[in-house]
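So the structure is just underneath, and the comments pick up after that.
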Amino acid sequence: MKNLKSLTTLEDQAVTPPLAPAIDYRRELNPAQYEAVTTREGPVLVIAGAGSGKTRTLVYRLAYLVESGVPPWAILLLTFTRKASQEMLSRAAYLIDRQLHEVVGGTFHSVCHRWLRRYGNRLGYESGFTILDRSDQGDLLRLLREPLKIKAGPGQFPRKETIAELFGAIVNKNLPLETLLAQNYPQFEPQTGLLHQLYQLYQRHKREHQLLDYDDLLVEGKRLLEEHPDLRQTLSERYRYIMVDEYQDTNRLQAELVRLLAFCHNNVMAVGDDSQSIYSFRGANFRNIIDFPRLFPGTQIIKLEENYRSTQPILDLTNTIIAQAREKYTKCLFTRKKEGPKPHLLRTGSENEQSQLVCNLVAELQEQGVALHQMAVLFRAAFHSFDLEIELLRHQVPFMKFGGFKFMESAHIKDLLSYLRVVANPRDPISWNRLLQLVPGVGKKTSQKLLTLLKQEDFTLPSALAWLNAQKGSKQGLKSLAELLAQLNEPTLSPATQLNLALTHYEPILKTRFDDYPKRFRDLEHLVTITARYRQLGNLLNDLTLEPPTSLADVTQERGDYLNLSTIHSAKGLEWEAVFIIWAAEGRFPSSYSQDNEEDLEEERRLMYVATTRARHYLFILFPAVSYNRYLGTTYNEVSRFVQDLPDRILTKMRIDP
DNA sequence: CGGATCCCGGTTTTT
DNA sequence: CCGGGATCCG
């Protein structure tokens, strides 16, 4: 067997062409890109303007490193999504005609997660710990709030979503609760004491039950490096070359992680664009990118300023938009694509007229030979496209929507996964609570009883099953639940089989709980198909939490030519021949939430910059002048301040009447 | 425990 | 006006 294996390896090598320098780096890259690609040692900061070939640079650098003899496993590629890293790796692999699956790539969260699975026992984590997503956090907070007996009327105590946000900010922005309350929620300042209590409770509870939220992955990952010098040494020596993409969207914690990880060589290349920082709500700070040279003394700074994406008329507009930013770091984008249509600002009557106009323009461009998948409609918030979606269906325009869609957070998905989650981590109170509430005749009280048992040191799944079976006879549902869980606990079963078993059990419950049962059942079947490729339950559950499907497309695996609909956040890093931005109206974009905060408004401006810089050739900005709202009546919309009062030479303005 | 009722707020963006 | 959450009551 062993011989056979080495034989295959030999054969593989024979097929691979000798390592001739197939790539002419000087020819294929501009001077700035070339410099970034071929600088191997020391800290490098690449300021990469929109469309300046940032991904290309990273891909070529990957290829360059490997070609110059760096083993792929010594490279760590940190990106914003796993998809991004996979794409870069496959492009680099294609360039040098060599598989690169040994390169470790992914998000900060997934990399930290990997270490914690492996070394987490040093911090007291068992290998089966559970990762909490946003709605799990909410559920947990609700559970913890109860015994605190918080007496507060509506509006006097923050909602659980707000609390989760607050607690996240404490960690990601490194600010005390008091400051955050004073800054953002002065109305809750009287509750400071209670919130502190709840925070302590929340932290302790997570520890006791082997639960980690998104922030904990980073915090604990960092702690692993800080408190265990041997690990820090090992990992730092292993990852001799670190590349960080989208550095403008990292936060303080992530920056510190990079610094720790690079401590014994300082070979870090950070790539980003301060003008495209759009994740401050997650603790990202675009000043991070400015601080990089201070964190890594001796940093070489390289600017990529030639834009390869857009035409000059589009750049004229985007440059104007970002020039109005309060803080900007000089960077001047230019292009060689001089010719192209001017961007248009189109004002329609109603929202539906806006939708129809998009449909008409899409049809027109199609006639001119632009493929549907080369066009995208972008918007500030996911719900902004509802009307358009209806109109597209009517016109039979196929489309796919990205962002906003929280497949994983819908109740039926959470319900079904809970069966598997308690098998993977029997101490997971959130999933136990969910499951118990599904049983007729079981409510808060019964559920609480089991939840208190979870704290016991030696609590295992069998103890849970014993408890379920010991409940009073009338609660037949608990017995059949126990039966199912016992079945699921069979280690030889594949995750998909486990999920199917759970689905059989859950189907009748689904029927009684939801009117739209057929649709939800189909969702669940889709979920089962996604899971087919997994061999390990733990991996399945973690992947679903760390990289949830971003669109129904990921779930249904549809193919073909379709129009892209996307939130601007989900459009980051992408580009299309034609881009439509809808709802460019005050209150929608910029969002009314940021209306009275200058920093937030600046971020909205950067969002508009990101949106407009996605366009290669055609750019249409639309807004409806009138909106009608059932309970507010007719309201009039102002055009978004970011495109207001621009000269005609930059933006063609038109009023479109039906 | 769970159904009925009342009251408030009003869809940001995502790992 | 509709839905979620809290509260009340059988």
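Ligands are numbered from 1 in the order shown, residues from 1 within each chain, and chains are lettered A, B, ... in the order they appear in the structure tokens.
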Inset, instruction - Would you kindly report the residues of chain C within 10 Å of chain A, using only C-alpha atoms (C1' of nucleotides), as a PyMOL selection string? - result: chain C and resi 1+5-6
Would you mind exporting the chosen residues as a tab-separated table (two decimals), in the first residue's frame, restricted to N, CA and C atoms (P, O5', C5', C4', C3', O3' and C1' of nucleotides)?
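Saved as again-v8.tsv:
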```tsv
chain	number	residue	atom	x	y	z
C	1	DC	P	-55.12	49.33	9.33
C	1	DC	O5'	-53.76	49.44	8.47
C	1	DC	C5'	-53.42	48.63	7.35
C	1	DC	C4'	-52.23	47.79	7.69
C	1	DC	C3'	-52.57	46.57	8.55
C	1	DC	O3'	-51.74	45.50	8.14
C	1	DC	C1'	-50.95	47.85	9.66
C	5	DG	P	-39.19	38.20	19.02
C	5	DG	O5'	-39.79	38.95	20.29
C	5	DG	C5'	-39.56	40.35	20.43
C	5	DG	C4'	-40.22	40.81	21.70
C	5	DG	C3'	-40.09	39.83	22.87
C	5	DG	O3'	-39.81	40.57	24.04
C	5	DG	C1'	-42.36	40.26	22.46
C	6	DA	P	-39.45	39.86	25.42
C	6	DA	O5'	-40.60	40.42	26.36
C	6	DA	C5'	-40.88	41.82	26.37
C	6	DA	C4'	-42.19	42.03	27.09
C	6	DA	C3'	-42.32	41.22	28.39
C	6	DA	O3'	-42.88	42.03	29.39
C	6	DA	C1'	-44.11	40.70	26.94
```
Inset, instruction - Using only C-alpha atoms (C1' of nucleotides), determine which residues of chain A fall within 7 Å of chain B; present them as a PyMOL selection string. - result: chain A and resi 109+214+381+441-443+546+569
Okay, now the selection with C-alpha atoms, as a compact mmCIF listing (two decimals), in the first residue's frame?
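So out.txt came out as:
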```
# COMPACT_ATOMS: atom_id res chain seq x y z
CA HIS A 109 -12.35 33.17 12.17
CA TYR A 214 -17.66 34.67 16.68
CA ALA A 381 -30.16 46.91 2.43
CA GLY A 441 -46.61 19.80 26.84
CA VAL A 442 -43.11 21.01 27.51
CA GLY A 443 -42.43 24.64 28.24
CA LEU A 546 -18.57 30.00 9.91
CA HIS A 569 -21.50 44.60 1.31
```
Inset, instruction - For atom CA of Pro341 of chain A and atom CA of Trp576 of chain A, determine how far apart the two atoms are, in Å to one decimal place. - result: 14.9 Å
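Per DSSP on the backbone, helix (DSSP H, G or I) in segment 288-351 of chain A comprises Asn288, Ile289, Ile290, Asp291, Phe292, Pro293, Arg294, Leu295, Gln312, Pro313, Ile314, Leu315, Asp316, Leu317, Thr318, Asn319, Thr320, Ile321, Ile322, Ala323 and Glu351 of chain A.
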Include C-alpha atoms and write out the residues we just selected as a PDB file, in the first residue's frame.
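Below is the file selection.pdb, written as the result:
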```pdb
ATOM      1  CA  ASN A 288      -5.823  50.045  11.105  1.00  0.00           C
ATOM      2  CA  ILE A 289      -4.312  50.275   7.692  1.00  0.00           C
ATOM      3  CA  ILE A 290      -2.611  53.531   8.617  1.00  0.00           C
ATOM      4  CA  ASP A 291      -1.313  51.961  11.815  1.00  0.00           C
ATOM      5  CA  PHE A 292       0.214  49.014  10.046  1.00  0.00           C
ATOM      6  CA  PRO A 293       3.627  50.651   9.548  1.00  0.00           C
ATOM      7  CA  ARG A 294       3.746  51.453  13.247  1.00  0.00           C
ATOM      8  CA  LEU A 295       2.891  47.865  14.173  1.00  0.00           C
ATOM      9  CA  GLN A 312     -12.578  57.331 -17.342  1.00  0.00           C
ATOM     10  CA  PRO A 313     -16.137  58.750 -17.100  1.00  0.00           C
ATOM     11  CA  ILE A 314     -16.922  56.278 -14.310  1.00  0.00           C
ATOM     12  CA  LEU A 315     -13.675  57.027 -12.504  1.00  0.00           C
ATOM     13  CA  ASP A 316     -14.423  60.754 -12.740  1.00  0.00           C
ATOM     14  CA  LEU A 317     -17.576  60.123 -10.767  1.00  0.00           C
ATOM     15  CA  THR A 318     -16.060  57.748  -8.211  1.00  0.00           C
ATOM     16  CA  ASN A 319     -13.092  60.053  -7.647  1.00  0.00           C
ATOM     17  CA  THR A 320     -15.498  62.910  -7.022  1.00  0.00           C
ATOM     18  CA  ILE A 321     -17.506  60.885  -4.534  1.00  0.00           C
ATOM     19  CA  ILE A 322     -14.476  59.890  -2.492  1.00  0.00           C
ATOM     20  CA  ALA A 323     -12.882  63.331  -2.782  1.00  0.00           C
ATOM     21  CA  GLU A 351     -40.676  52.624  -6.566  1.00  0.00           C
TER      22      GLU A 351
END
```
Inset, instruction - Pick out each residue of segment 239-365 of chain A that DSSP on the backbone tags as strand (DSSP E or B); I need them as a list of chain:residue names. - result: A:Tyr241, A:Ile242, A:Met243, A:Val244, A:Asn251, A:Val268, A:Met269, A:Ala270, A:Val271, A:Gly272, A:Ala284, A:Gln300, A:Ile301, A:Ile302, A:Lys303, A:Leu304, A:Glu306, A:Asn307, A:Phe334, A:Thr335, A:His344, A:Leu345, A:Leu346, A:Arg347, A:Thr348
Inset, instruction - For Gln99 of chain A, work out the shell of residues within 9 Å, counting only C-alpha atoms (C1' of nucleotides) and skipping chain neighbours fewer than 6 positions away, then give it as a list in words. - result: Leu89, Ser90, Ala92 and Ala93 of chain A
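Distance-wise, atom CA of Leu361 of chain A and atom CA of Thr613 of chain A end up 19.5 Å apart.
Between atom CA of Glu220 of chain A and atom CA of Gly120 of chain A there is a distance of 8.5 Å.
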